[in-house]
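This is query.txt (compact mmCIF, C-alpha atoms and all ligand atoms).
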```txt
# COMPACT_ATOMS: atom_id res chain seq x y z
CA MET N 1 -19.50 -84.39 -43.27
CA SER N 2 -19.07 -87.89 -44.65
CA TYR N 3 -18.70 -91.04 -42.57
CA ARG N 4 -17.54 -94.58 -43.19
CA ILE N 5 -19.05 -97.00 -40.70
CA SER N 6 -18.47 -100.74 -40.30
CA LEU N 7 -21.66 -102.79 -40.32
CA ILE N 8 -21.72 -106.33 -38.97
CA PRO N 9 -25.13 -107.87 -39.76
CA GLY N 10 -24.53 -110.81 -37.40
CA ASP N 11 -26.70 -113.93 -37.62
CA GLY N 12 -30.15 -115.11 -36.49
CA ILE N 13 -32.36 -112.00 -36.51
CA GLY N 14 -29.24 -109.80 -36.88
CA PRO N 15 -29.48 -109.16 -40.64
CA GLU N 16 -33.19 -108.23 -40.34
CA VAL N 17 -32.73 -105.72 -37.50
CA THR N 18 -29.57 -104.18 -38.98
CA ASP N 19 -31.32 -103.82 -42.37
CA ALA N 20 -34.15 -102.02 -40.56
CA ALA N 21 -31.72 -99.70 -38.77
CA ARG N 22 -29.92 -98.95 -42.01
CA LEU N 23 -33.20 -98.09 -43.70
CA CYS N 24 -33.91 -95.53 -40.96
CA ILE N 25 -30.41 -94.03 -40.92
CA ASP N 26 -30.31 -93.77 -44.69
CA ALA N 27 -33.62 -91.84 -44.54
CA LEU N 28 -31.96 -89.18 -42.38
CA GLY N 29 -29.97 -88.01 -45.40
CA LEU N 30 -26.52 -88.36 -43.85
CA ASP N 31 -23.51 -89.06 -46.03
CA ILE N 32 -22.70 -92.51 -44.64
CA SER N 33 -21.02 -95.31 -46.55
CA TRP N 34 -21.30 -98.73 -44.97
CA ASP N 35 -18.43 -101.14 -44.82
CA ILE N 36 -20.22 -104.49 -44.49
CA VAL N 37 -18.09 -107.11 -42.75
CA LEU N 38 -18.80 -110.47 -41.17
CA ALA N 39 -18.31 -112.15 -37.81
CA GLY N 40 -19.50 -115.44 -36.28
CA GLU N 41 -20.98 -118.30 -38.34
CA PRO N 42 -21.44 -116.23 -41.54
CA ALA N 43 -17.74 -115.29 -41.41
CA LEU N 44 -16.71 -118.89 -40.78
CA LYS N 45 -18.57 -119.95 -43.94
CA GLN N 46 -17.15 -117.18 -46.12
CA HIS N 47 -13.68 -116.53 -44.67
CA ASN N 48 -12.99 -119.69 -42.68
CA SER N 49 -12.59 -117.55 -39.57
CA LEU N 50 -15.11 -116.57 -36.89
CA LEU N 51 -13.54 -113.14 -36.52
CA PRO N 52 -11.69 -112.37 -39.76
CA PHE N 53 -8.78 -109.97 -39.90
CA GLU N 54 -10.67 -107.78 -42.38
CA THR N 55 -13.56 -107.33 -39.93
CA LEU N 56 -11.26 -106.18 -37.14
CA ASN N 57 -9.32 -104.05 -39.57
CA SER N 58 -12.45 -102.34 -40.88
CA ILE N 59 -13.60 -101.42 -37.36
CA LYS N 60 -10.11 -100.27 -36.35
CA LYS N 61 -9.96 -98.08 -39.43
CA ASN N 62 -13.49 -96.64 -39.28
CA LYS N 63 -13.52 -96.38 -35.45
CA VAL N 64 -17.32 -96.77 -35.44
CA ALA N 65 -19.41 -99.89 -36.01
CA LEU N 66 -23.04 -100.98 -35.91
CA LYS N 67 -23.57 -104.63 -35.17
CA GLY N 68 -26.37 -107.18 -35.13
CA PRO N 69 -26.38 -110.04 -32.60
CA ILE N 70 -24.15 -113.09 -33.08
CA THR N 71 -25.01 -116.59 -31.85
CA THR N 72 -22.79 -118.30 -29.31
CA PRO N 73 -23.28 -122.06 -28.91
CA VAL N 74 -24.36 -123.02 -25.37
CA GLY N 75 -22.16 -125.31 -23.26
CA SER N 76 -19.72 -126.34 -25.99
CA GLY N 77 -18.40 -125.03 -29.32
CA PHE N 78 -16.67 -121.72 -29.95
CA ARG N 79 -16.45 -118.91 -27.39
CA SER N 80 -18.50 -115.73 -27.80
CA ILE N 81 -17.47 -113.61 -30.79
CA ASN N 82 -19.23 -110.69 -29.08
CA VAL N 83 -16.92 -110.98 -26.09
CA ALA N 84 -13.92 -111.50 -28.42
CA LEU N 85 -14.76 -108.31 -30.34
CA ARG N 86 -15.05 -106.28 -27.13
CA GLN N 87 -11.77 -107.70 -25.82
CA GLU N 88 -9.89 -107.44 -29.12
CA LEU N 89 -10.91 -103.80 -29.64
CA ASP N 90 -10.65 -102.93 -25.92
CA LEU N 91 -14.25 -101.73 -25.81
CA TYR N 92 -14.20 -101.67 -22.04
CA ALA N 93 -17.42 -99.78 -21.32
CA CYS N 94 -20.83 -101.21 -22.12
CA VAL N 95 -23.44 -98.46 -21.92
CA ARG N 96 -27.09 -99.48 -21.96
CA PRO N 97 -29.84 -96.92 -21.41
CA ALA N 98 -33.13 -98.45 -20.20
CA ARG N 99 -35.59 -95.66 -20.90
CA TYR N 100 -39.38 -95.91 -20.87
CA ILE N 101 -41.13 -95.16 -24.17
CA GLU N 102 -44.85 -94.31 -24.13
CA GLY N 103 -46.91 -96.98 -25.86
CA THR N 104 -44.83 -99.98 -24.81
CA ASN N 105 -46.07 -102.70 -22.48
CA SER N 106 -43.81 -101.52 -19.68
CA LYS N 107 -45.25 -101.93 -16.20
CA TYR N 108 -42.98 -99.13 -15.01
CA PRO N 109 -43.72 -95.87 -16.86
CA GLY N 110 -41.02 -93.28 -16.29
CA THR N 111 -38.17 -95.77 -15.84
CA ASP N 112 -34.89 -94.20 -16.92
CA ILE N 113 -31.80 -96.13 -15.83
CA LEU N 114 -28.38 -95.82 -17.41
CA ILE N 115 -26.34 -99.02 -17.08
CA VAL N 116 -22.54 -98.92 -17.26
CA ARG N 117 -21.13 -102.45 -17.38
CA GLU N 118 -17.44 -103.36 -17.27
CA ASN N 119 -16.77 -105.25 -20.49
CA SER N 120 -13.29 -106.74 -20.32
CA GLU N 121 -12.89 -109.07 -17.35
CA ASP N 122 -14.77 -110.83 -14.52
CA LEU N 123 -16.22 -114.30 -15.23
CA TYR N 124 -16.59 -113.13 -18.84
CA ALA N 125 -12.83 -113.17 -19.42
CA GLY N 126 -13.11 -116.76 -20.62
CA VAL N 127 -10.46 -118.14 -18.25
CA GLU N 128 -11.99 -121.56 -17.74
CA PHE N 129 -10.75 -125.03 -16.99
CA LYS N 130 -12.54 -128.20 -18.10
CA ASN N 131 -13.87 -130.86 -15.75
CA GLU N 132 -11.51 -133.89 -15.41
CA ASP N 133 -8.73 -132.26 -17.43
CA GLN N 134 -5.19 -132.79 -16.17
CA LYS N 135 -4.50 -129.05 -16.14
CA THR N 136 -7.65 -128.48 -14.07
CA ASN N 137 -6.62 -131.16 -11.59
CA ASP N 138 -3.16 -129.59 -11.31
CA LEU N 139 -4.80 -126.21 -10.71
CA ILE N 140 -7.07 -127.72 -8.03
CA ASP N 141 -4.02 -129.27 -6.32
CA TYR N 142 -2.35 -125.87 -6.34
CA ILE N 143 -5.45 -124.08 -5.01
CA ASN N 144 -5.89 -126.65 -2.27
CA ALA N 145 -2.26 -126.22 -1.28
CA ILE N 146 -2.44 -122.42 -0.98
CA SER N 147 -6.04 -121.86 0.14
CA GLU N 148 -7.83 -122.62 3.38
CA LYS N 149 -10.85 -123.66 1.31
CA ARG N 150 -10.99 -126.99 -0.53
CA VAL N 151 -12.03 -127.37 -4.14
CA ARG N 152 -13.63 -130.72 -4.90
CA LYS N 153 -11.82 -132.88 -7.46
CA PRO N 154 -12.78 -133.25 -10.26
CA SER N 155 -14.45 -129.87 -10.89
CA ALA N 156 -14.75 -127.40 -13.73
CA ILE N 157 -13.33 -124.00 -12.83
CA SER N 158 -14.00 -120.45 -14.02
CA ILE N 159 -11.71 -117.65 -12.92
CA LYS N 160 -13.12 -114.24 -11.97
CA PRO N 161 -10.39 -111.66 -12.46
CA ILE N 162 -11.20 -108.15 -11.23
CA SER N 163 -8.26 -105.79 -11.63
CA HIS N 164 -7.61 -102.40 -10.07
CA PHE N 165 -6.88 -101.08 -13.57
CA ALA N 166 -10.15 -102.16 -15.25
CA SER N 167 -12.31 -101.32 -12.23
CA GLU N 168 -10.86 -97.83 -11.93
CA ARG N 169 -11.21 -97.29 -15.68
CA ILE N 170 -14.91 -98.26 -15.80
CA ILE N 171 -15.85 -96.44 -12.59
CA ARG N 172 -14.15 -93.24 -13.75
CA PHE N 173 -15.93 -93.64 -17.09
CA ALA N 174 -19.27 -93.94 -15.26
CA PHE N 175 -18.70 -90.78 -13.21
CA GLU N 176 -17.60 -88.80 -16.28
CA LEU N 177 -20.65 -90.07 -18.18
CA ALA N 178 -22.88 -89.06 -15.26
CA LYS N 179 -21.48 -85.51 -15.51
CA LYS N 180 -21.96 -85.40 -19.27
CA GLU N 181 -25.50 -86.80 -19.15
CA ARG N 182 -26.46 -84.75 -16.07
CA ARG N 183 -27.24 -87.83 -14.02
CA HIS N 184 -27.50 -87.27 -10.27
CA LYS N 185 -26.86 -90.68 -8.71
CA ILE N 186 -24.68 -93.75 -9.33
CA SER N 187 -25.26 -97.09 -7.61
CA CYS N 188 -22.34 -99.49 -7.45
CA ILE N 189 -23.58 -103.07 -7.79
CA HIS N 190 -21.60 -105.92 -6.26
CA LYS N 191 -21.59 -109.05 -4.13
CA ALA N 192 -18.73 -107.93 -1.90
CA ASN N 193 -20.28 -109.57 1.16
CA ILE N 194 -19.34 -112.94 -0.36
CA MET N 195 -16.66 -112.09 -2.95
CA LYS N 196 -14.62 -109.96 -0.61
CA TYR N 197 -11.49 -109.72 -2.72
CA THR N 198 -12.88 -109.33 -6.24
CA ASP N 199 -16.15 -107.43 -5.76
CA GLY N 200 -14.61 -105.95 -2.61
CA LEU N 201 -11.91 -104.35 -4.76
CA PHE N 202 -14.51 -103.02 -7.23
CA LEU N 203 -16.48 -101.45 -4.38
CA GLN N 204 -13.38 -100.05 -2.67
CA ILE N 205 -12.33 -98.30 -5.91
CA PHE N 206 -15.88 -97.01 -6.39
CA ASP N 207 -15.83 -95.44 -2.91
CA GLU N 208 -12.41 -93.85 -3.57
CA ILE N 209 -13.44 -92.37 -6.93
CA ALA N 210 -16.84 -91.23 -5.62
CA LYS N 211 -15.04 -88.85 -3.23
CA LYS N 212 -13.75 -86.94 -6.26
CA TYR N 213 -17.30 -86.33 -7.53
CA PRO N 214 -19.10 -84.88 -4.49
CA GLN N 215 -21.88 -83.45 -6.69
CA ILE N 216 -23.00 -86.98 -7.63
CA GLU N 217 -24.96 -88.96 -5.04
CA THR N 218 -23.73 -92.54 -4.61
CA ASN N 219 -24.70 -95.75 -2.88
CA ASN N 220 -23.88 -99.42 -3.18
CA VAL N 221 -26.34 -102.28 -3.53
CA ILE N 222 -25.75 -106.03 -3.37
CA VAL N 223 -26.77 -107.55 -6.70
CA ASP N 224 -29.47 -109.87 -5.37
CA ASN N 225 -31.03 -107.01 -3.42
CA LEU N 226 -30.84 -104.87 -6.58
CA SER N 227 -32.90 -107.46 -8.50
CA MET N 228 -35.68 -107.16 -5.92
CA GLN N 229 -35.47 -103.37 -5.61
CA LEU N 230 -35.54 -102.84 -9.38
CA VAL N 231 -38.74 -104.82 -9.68
CA LEU N 232 -40.35 -102.92 -6.79
CA ARG N 233 -39.02 -99.37 -7.23
CA PRO N 234 -37.01 -98.82 -10.43
CA GLN N 235 -37.57 -95.07 -10.12
CA GLU N 236 -35.07 -95.01 -7.24
CA PHE N 237 -32.21 -95.85 -9.62
CA ASP N 238 -30.56 -93.39 -11.96
CA MET N 239 -27.29 -95.01 -13.02
CA LEU N 240 -25.74 -98.40 -12.25
CA VAL N 241 -22.07 -99.32 -12.55
CA LEU N 242 -21.40 -103.06 -12.44
CA PRO N 243 -18.79 -105.72 -13.13
CA ASN N 244 -19.30 -107.69 -16.33
CA LEU N 245 -21.52 -110.62 -15.32
CA TYR N 246 -23.94 -108.67 -13.09
CA GLY N 247 -24.10 -106.06 -15.85
CA ASP N 248 -25.15 -108.71 -18.35
CA ILE N 249 -27.93 -110.05 -16.15
CA MET N 250 -29.19 -106.69 -14.90
CA SER N 251 -29.29 -105.36 -18.50
CA ASP N 252 -31.92 -107.96 -19.38
CA LEU N 253 -33.81 -107.22 -16.16
CA CYS N 254 -33.85 -103.50 -16.98
CA ALA N 255 -34.94 -104.31 -20.56
CA GLY N 256 -37.87 -106.15 -18.97
CA LEU N 257 -38.73 -103.05 -16.92
CA ILE N 258 -39.12 -100.92 -20.04
CA GLY N 259 -41.15 -103.48 -21.99
CA GLY N 260 -38.72 -106.03 -23.36
CA LEU N 261 -35.51 -106.71 -25.23
CA GLY N 262 -36.99 -105.39 -28.45
CA ILE N 263 -36.47 -101.81 -27.30
CA ALA N 264 -33.19 -101.97 -25.33
CA PRO N 265 -30.19 -100.40 -27.12
CA GLY N 266 -26.51 -100.54 -26.25
CA ALA N 267 -23.01 -99.30 -26.97
CA ASN N 268 -19.54 -100.74 -26.39
CA ILE N 269 -17.09 -97.91 -25.95
CA GLY N 270 -13.30 -97.83 -25.89
CA ASP N 271 -10.84 -94.94 -25.91
CA THR N 272 -10.86 -94.65 -29.71
CA ILE N 273 -13.41 -97.15 -31.05
CA ALA N 274 -17.13 -97.57 -30.41
CA LEU N 275 -19.42 -100.42 -31.45
CA PHE N 276 -23.18 -100.14 -31.17
CA GLU N 277 -25.52 -103.11 -30.80
CA PRO N 278 -28.83 -104.03 -29.20
CA VAL N 279 -28.87 -105.73 -25.79
CA HIS N 280 -30.75 -108.69 -27.26
CA GLY N 281 -29.26 -111.73 -28.91
CA ALA N 282 -29.86 -113.59 -32.16
CA ALA N 283 -33.32 -114.93 -31.11
CA PRO N 284 -32.92 -118.01 -33.35
CA LYS N 285 -36.58 -119.01 -33.26
CA TYR N 286 -37.49 -115.81 -35.13
CA THR N 287 -34.74 -115.95 -37.76
CA GLY N 288 -35.95 -114.95 -41.22
CA LYS N 289 -39.54 -114.46 -40.04
CA ASN N 290 -39.66 -110.65 -40.37
CA LYS N 291 -41.17 -110.73 -36.88
CA VAL N 292 -38.94 -109.10 -34.26
CA ASN N 293 -38.82 -105.52 -33.09
CA PRO N 294 -36.11 -103.44 -34.82
CA THR N 295 -36.28 -100.64 -32.19
CA ALA N 296 -33.35 -101.83 -30.06
CA THR N 297 -31.02 -101.76 -33.07
CA ILE N 298 -32.47 -98.48 -34.38
CA LEU N 299 -31.95 -96.86 -30.98
CA SER N 300 -28.42 -98.30 -30.88
CA ALA N 301 -27.89 -96.55 -34.21
CA SER N 302 -29.18 -93.36 -32.62
CA LEU N 303 -26.56 -93.70 -29.85
CA MET N 304 -24.05 -94.12 -32.66
CA LEU N 305 -25.20 -90.90 -34.36
CA LYS N 306 -24.77 -89.01 -31.07
CA HIS N 307 -21.30 -90.53 -30.73
CA ILE N 308 -20.26 -89.14 -34.13
CA GLY N 309 -21.75 -85.75 -33.26
CA GLU N 310 -24.98 -85.99 -35.28
CA HIS N 311 -27.21 -85.03 -32.35
CA LYS N 312 -29.98 -83.41 -34.41
CA LYS N 313 -30.34 -86.44 -36.65
CA ALA N 314 -30.30 -88.72 -33.61
CA ASP N 315 -33.13 -86.66 -32.08
CA ILE N 316 -35.17 -86.92 -35.27
CA LEU N 317 -34.64 -90.69 -35.31
CA GLU N 318 -35.61 -91.09 -31.64
CA LYS N 319 -38.71 -88.93 -32.05
CA ALA N 320 -39.77 -90.93 -35.12
CA VAL N 321 -39.39 -94.18 -33.15
CA ALA N 322 -41.34 -92.71 -30.21
CA THR N 323 -44.15 -91.51 -32.51
CA VAL N 324 -44.57 -94.91 -34.16
CA ILE N 325 -44.58 -96.70 -30.80
CA LYS N 326 -47.00 -94.21 -29.26
CA LYS N 327 -49.41 -94.55 -32.21
CA GLY N 328 -49.20 -98.33 -31.68
CA LYS N 329 -50.42 -99.21 -35.17
CA ASN N 330 -47.34 -100.16 -37.19
CA VAL N 331 -45.53 -102.01 -34.43
CA THR N 332 -44.25 -105.55 -33.96
CA TYR N 333 -46.00 -108.21 -31.87
CA ASP N 334 -44.12 -107.39 -28.65
CA LEU N 335 -45.51 -103.85 -28.62
CA LYS N 336 -49.14 -104.88 -29.08
CA PRO N 337 -51.44 -105.46 -26.07
CA THR N 338 -51.13 -109.23 -26.64
CA ARG N 339 -48.31 -111.10 -28.38
CA THR N 340 -50.80 -112.80 -30.72
CA ASP N 341 -52.42 -109.55 -31.86
CA PRO N 342 -53.19 -110.08 -35.58
CA SER N 343 -52.64 -106.37 -36.34
CA SER N 344 -48.90 -106.52 -35.52
CA VAL N 345 -46.57 -105.71 -38.40
CA GLY N 346 -43.18 -107.14 -39.37
CA THR N 347 -39.66 -105.84 -38.69
CA LYS N 348 -39.43 -104.22 -42.12
CA GLU N 349 -42.89 -102.63 -41.98
CA MET N 350 -42.18 -101.09 -38.58
CA ALA N 351 -38.92 -99.66 -39.93
CA GLU N 352 -40.81 -98.27 -42.94
CA ALA N 353 -43.30 -96.57 -40.61
CA ILE N 354 -40.36 -94.97 -38.77
CA VAL N 355 -38.90 -93.84 -42.10
CA LYS N 356 -42.25 -92.17 -42.94
CA GLU N 357 -42.10 -90.22 -39.66
CA ILE N 358 -38.49 -89.21 -40.34
CA LYS N 359 -39.45 -87.94 -43.79
CA LYS N 360 -42.36 -85.92 -42.34
CA VAL N 361 -40.01 -84.17 -39.89
CA LEU N 362 -37.35 -83.55 -42.55
CA LYS N 363 -39.98 -82.16 -44.95
CA ASN N 364 -41.47 -79.80 -42.37
CA GLY N 365 -38.03 -78.65 -41.22
P1 LIG A 401 -32.15 -113.40 -27.19
O1 LIG A 401 -31.98 -112.02 -26.70
O2 LIG A 401 -31.64 -113.70 -28.55
O3 LIG A 401 -33.70 -113.77 -27.20
C1 LIG A 401 -34.48 -114.03 -26.03
C2 LIG A 401 -35.93 -113.71 -26.34
O4 LIG A 401 -36.09 -112.30 -26.28
C3 LIG A 401 -36.40 -114.09 -27.74
O5 LIG A 401 -36.83 -115.41 -27.81
C4 LIG A 401 -37.54 -113.11 -27.93
O6 LIG A 401 -38.71 -113.57 -27.27
C5 LIG A 401 -37.03 -111.88 -27.24
N1 LIG A 401 -36.37 -110.94 -28.17
C6 LIG A 401 -35.06 -110.82 -28.44
N2 LIG A 401 -34.86 -109.87 -29.35
C7 LIG A 401 -36.07 -109.38 -29.67
C8 LIG A 401 -36.54 -108.37 -30.56
N3 LIG A 401 -35.68 -107.64 -31.31
N4 LIG A 401 -37.86 -108.15 -30.65
C9 LIG A 401 -38.72 -108.84 -29.91
N5 LIG A 401 -38.36 -109.80 -29.04
C10 LIG A 401 -37.06 -110.07 -28.93
O7 LIG A 401 -31.50 -114.36 -26.11
P2 LIG A 401 -31.11 -115.89 -26.20
O8 LIG A 401 -32.20 -116.67 -26.85
O9 LIG A 401 -30.69 -116.22 -24.83
O10 LIG A 401 -29.81 -115.92 -27.11
C11 LIG A 401 -29.82 -116.33 -28.47
C12 LIG A 401 -28.40 -116.27 -29.00
O11 LIG A 401 -27.95 -114.92 -29.06
C13 LIG A 401 -27.37 -117.02 -28.14
O12 LIG A 401 -26.48 -117.68 -29.01
C14 LIG A 401 -26.65 -115.91 -27.39
O13 LIG A 401 -25.34 -116.26 -27.05
C15 LIG A 401 -26.68 -114.80 -28.43
N6 LIG A 401 -26.54 -113.45 -27.85
C16 LIG A 401 -25.82 -112.56 -28.57
C17 LIG A 401 -25.69 -111.27 -28.12
C18 LIG A 401 -24.89 -110.30 -28.94
O14 LIG A 401 -24.65 -110.56 -30.11
N7 LIG A 401 -24.43 -109.18 -28.37
C19 LIG A 401 -26.34 -110.86 -26.95
C20 LIG A 401 -27.11 -111.79 -26.26
C21 LIG A 401 -27.22 -113.10 -26.72
```

Would you mind writing the file's structure down as structure tokens?
Amino acid sequence: MSYRISLIPGDGIGPEVTDAARLCIDALGLDISWDIVLAGEPALKQHNSLLPFETLNSIKKNKVALKGPITTPVGSGFRSINVALRQELDLYACVRPARYIEGTNSKYPGTDILIVRENSEDLYAGVEFKNEDQKTNDLIDYINAISEKRVRKPSAISIKPISHFASERIIRFAFELAKKERRHKISCIHKANIMKYTDGLFLQIFDEIAKKYPQIETNNVIVDNLSMQLVLRPQEFDMLVLPNLYGDIMSDLCAGLIGGLGIAPGANIGDTIALFEPVHGAAPKYTGKNKVNPTATILSASLMLKHIGEHKKADILEKAVATVIKKGKNVTYDLKPTRTDPSSVGTKEMAEAIVKEIKKVLKNG
């Protein structure tokens, strides 16, 4: 079987980690041709557009993409291209497995939590109004006229839309995924004690859908309580389903449980298209230093292989990664006992060690 897959290197450490992932996938001997397309700053320089038509077109055509992180300026500047990609391609489900790997610096051996994050709305929808803008003041006047609560003027405002449609779609997706992955419990994460209408709706839909899956245990946990419980007893959680913003924050927390962002993979799934990328961002301070851990992107590529039906090759890849991490020799700084360990290797060298393990398995059948 031959595949054509879109590859977005991204910026910051993106090109280094996607190169590493490509090296490993190419070693598996699959017939994959890569359609390399740009997004973010590199695309702006080359195509005068942050998200060029040809990038979207390539992903729409190939239906599968592997992506490195893309920088989003903080506070001002352009809006997130990562969010734009997910919205534009309707990649509504963000799936992020946080699974312990022996040999990492995780303080929680055995952690295995599958995160399902809604990807299309909530405070991430980008519906925002600037401080001291006339439109914002008009909106505040309107809110103050129809609400019992007062909004101070001037204020900046972000809107948190939670729809029945998107909540039902992600919660159903989570239950179906639980069945497929043989997960036994889903926790719905919310703040419905305070956000009664938005998070309240998400929770209400969760409770309704849960009734249709009696074989799966369910509970609901308020997001602040979840943060504390995860740090104390992560083993009590199997799967989490969350609205967009809580999903973003809890993904990093869960990455911390398993030993850091360097090993946390992810997938953005829609009805027909899927885009795979690590949880981590562009880590600008490490750009071009051949320093960061490629595992998160390599494991994202493994999720991608499973998605296209290449389960055996995905298993080989995951086992090769696990072997290299367990041996602990050819690993990046974040996987050594201390972050200044002089024996740590670079991104490329770790990927090459993984390739060696892949080749051993392929040779021995
Ligand atoms: P980040 O995830 O880029 O980095 C935070 C820290 O995590 C790094 O300083 C580093 O210590 C560690 N880290 C990250 N990746 C690592 C790796 N592969 N190996 C070892 N350690 C690693 O988060 P940030 O600094 O908050 O964000 C930087 C930029 O990335 C921002 O512009 C942000 O918007 C963007 N971002 C993009 C995505 C995406 O493309 N999907 C996701 C998150 C953040």

>> Could you list, as a ChimeraX atom specification, all protein and nucleic acid residues with an atom at most 6 Å from ligand LIG 401 (chain A), counting all atoms listed in the file?
In response: /N:69-73,82,261-262,279-283,292-294,334

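Shortest separation to Gly260 of chain N among N:Asp26, N:Val331, N:Gln204, N:Lys107 occurs at residue N:Lys107, atoms counted being all atoms listed in the file.
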
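Closest approach to Ala274 of chain N from the set N:Val345, N:Val64, N:Val151, N:Leu23 is made by N:Val64, with distances taken over all atoms listed in the file.
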
> Contacts of Ala210 of chain N at 8 Å or less, counting only C-alpha atoms, minus same-chain residues fewer than 6 places along, as a list in words?
Replying inline: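 Final neighbour list, sorted by chain and number: Phe175, Ile216 and Thr218 of chain N.
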
> Within 7 Å of Ile8 of chain N, counting all atoms listed in the file, which residues qualify if same-chain residues fewer than 2 places away don't, as a count of residues only?
Replying inline: 9

>> Counting all atoms listed in the file, which residues have an atom no more than 12 Å from (-25.6, -96.8, -4.6) in the file's coordinates? Please list them as a VMD selection string.
In response: chain N and resid 184 to 190 203 206 to 207 210 216 to 223 225 to 226 229 236 to 242

> From the list N:Ile13, N:Leu299, N:Ile263, N:Val324, which residue is nearest Glu352 of chain N when using only C-alpha atoms?
Replying inline: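 Of N:Ile13, N:Leu299, N:Ile263, N:Val324, the one nearest Glu352 of chain N, counting only C-alpha atoms, is N:Val324.
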
>> List as a list in words the residues having at least one atom at most 6 Å from position (-20.2, -106.0, -12.0) as given in the file, counting all atoms listed in the file.
In response: His190, Leu242, Pro243, Asn244, Leu245, Tyr246 and Gly247 of chain N

Since we have the selection now, will you write its residues out, keeping C-alpha atoms, as a PDB file, keeping the file's coordinate frame?
```
ATOM      1  CA  HIS N 190     -21.600-105.920  -6.260  1.00  0.00           C
ATOM      2  CA  LEU N 242     -21.400-103.060 -12.440  1.00  0.00           C
ATOM      3  CA  PRO N 243     -18.790-105.720 -13.130  1.00  0.00           C
ATOM      4  CA  ASN N 244     -19.300-107.690 -16.330  1.00  0.00           C
ATOM      5  CA  LEU N 245     -21.520-110.620 -15.320  1.00  0.00           C
ATOM      6  CA  TYR N 246     -23.940-108.670 -13.090  1.00  0.00           C
ATOM      7  CA  GLY N 247     -24.100-106.060 -15.850  1.00  0.00           C
TER       8      GLY N 247
END
```

>> When you count only C-alpha atoms, which of these residues is closest to Asp90 of chain N: N:Leu275, N:Ile32, N:Ile258, N:Leu51?
In response: N:Leu275

> Any idea what's packed within 10 Å of Glu118 of chain N, counting only C-alpha atoms, ignoring anything in its chain fewer than 3 positions away? Could you give it as a PyMOL selection string?
Replying inline: chain N and resi 91-95+115+121-122+124+162+166-167+169-171+173-174+241-248+268

>> One decimal, in Å: what's the spacing between atom CA of Lys363 of chain N and atom CA of Tyr100 of chain N?
In response: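 Distance reported for this atom pair: 27.7 Å.
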
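Rounded to one decimal, atom CA of Gly259 of chain N and atom CA of Pro278 of chain N lie 14.3 Å from each other.
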
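Comparing N:Ile316, N:Ala27, N:Met228, N:Ile325 by their smallest distance to Gly365 of chain N, the closest is N:Ile316 (using all atoms listed in the file).
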
>> For a test of reading the model, state the distance in Å between atom CA of Lys211 of chain N and atom CA of Ala178 of chain N, rounded to one decimal.
In response: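 Pair atom CA of Lys211 of chain N / atom CA of Ala178 of chain N returns 14.4 Å.
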
> Residues at most 8 Å from Pro234 of chain N, counting all atoms listed in the file, excluding those fewer than 3 positions away in the same chain, as a PyMOL selection string?
Replying inline: chain N and resi 108+111+113+229-231+237+257

>> Could you check the closest approach to Ile205 of chain N for each of N:His164, N:Ile273, N:Thr347, N:Val116 and tell me which residue wins, using only C-alpha atoms?
In response: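 Nearest to Ile205 of chain N: N:His164.
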
Listed atoms of segment 343-354 of chain N boxed axis-aligned with 8 Å per side, centre + edges as JSON:
```
{"center_x": -45.8, "center_y": -101.1, "center_z": -39.2, "size_x": 29.7, "size_y": 28.2, "size_z": 23.4}
```

Would you mind writing segment 13-19 of chain N with N, CA, C and O atoms, as a PDB file, keeping the file's coordinate frame?
```pdb
ATOM      1  N   ILE N  13     -31.547-113.157 -36.106  1.00  0.00           N
ATOM      2  CA  ILE N  13     -32.360-112.000 -36.510  1.00  0.00           C
ATOM      3  C   ILE N  13     -31.489-110.779 -36.843  1.00  0.00           C
ATOM      4  O   ILE N  13     -32.004-109.734 -37.231  1.00  0.00           O
ATOM      5  N   GLY N  14     -30.158-110.932 -36.672  1.00  0.00           N
ATOM      6  CA  GLY N  14     -29.240-109.800 -36.880  1.00  0.00           C
ATOM      7  C   GLY N  14     -29.408-109.090 -38.219  1.00  0.00           C
ATOM      8  O   GLY N  14     -29.595-107.861 -38.264  1.00  0.00           O
ATOM      9  N   PRO N  15     -29.362-109.847 -39.349  1.00  0.00           N
ATOM     10  CA  PRO N  15     -29.480-109.160 -40.640  1.00  0.00           C
ATOM     11  C   PRO N  15     -30.799-108.388 -40.786  1.00  0.00           C
ATOM     12  O   PRO N  15     -30.825-107.308 -41.363  1.00  0.00           O
ATOM     13  N   GLU N  16     -31.891-108.927 -40.209  1.00  0.00           N
ATOM     14  CA  GLU N  16     -33.190-108.230 -40.340  1.00  0.00           C
ATOM     15  C   GLU N  16     -33.191-106.921 -39.551  1.00  0.00           C
ATOM     16  O   GLU N  16     -33.657-105.887 -40.048  1.00  0.00           O
ATOM     17  N   VAL N  17     -32.668-106.955 -38.320  1.00  0.00           N
ATOM     18  CA  VAL N  17     -32.730-105.720 -37.500  1.00  0.00           C
ATOM     19  C   VAL N  17     -31.691-104.691 -37.965  1.00  0.00           C
ATOM     20  O   VAL N  17     -31.942-103.484 -37.889  1.00  0.00           O
ATOM     21  N   THR N  18     -30.546-105.166 -38.486  1.00  0.00           N
ATOM     22  CA  THR N  18     -29.570-104.180 -38.980  1.00  0.00           C
ATOM     23  C   THR N  18     -30.044-103.572 -40.301  1.00  0.00           C
ATOM     24  O   THR N  18     -29.839-102.391 -40.555  1.00  0.00           O
ATOM     25  N   ASP N  19     -30.734-104.373 -41.134  1.00  0.00           N
ATOM     26  CA  ASP N  19     -31.320-103.820 -42.370  1.00  0.00           C
ATOM     27  C   ASP N  19     -32.317-102.714 -42.010  1.00  0.00           C
ATOM     28  O   ASP N  19     -32.360-101.654 -42.645  1.00  0.00           O
TER      29      ASP N  19
END
```
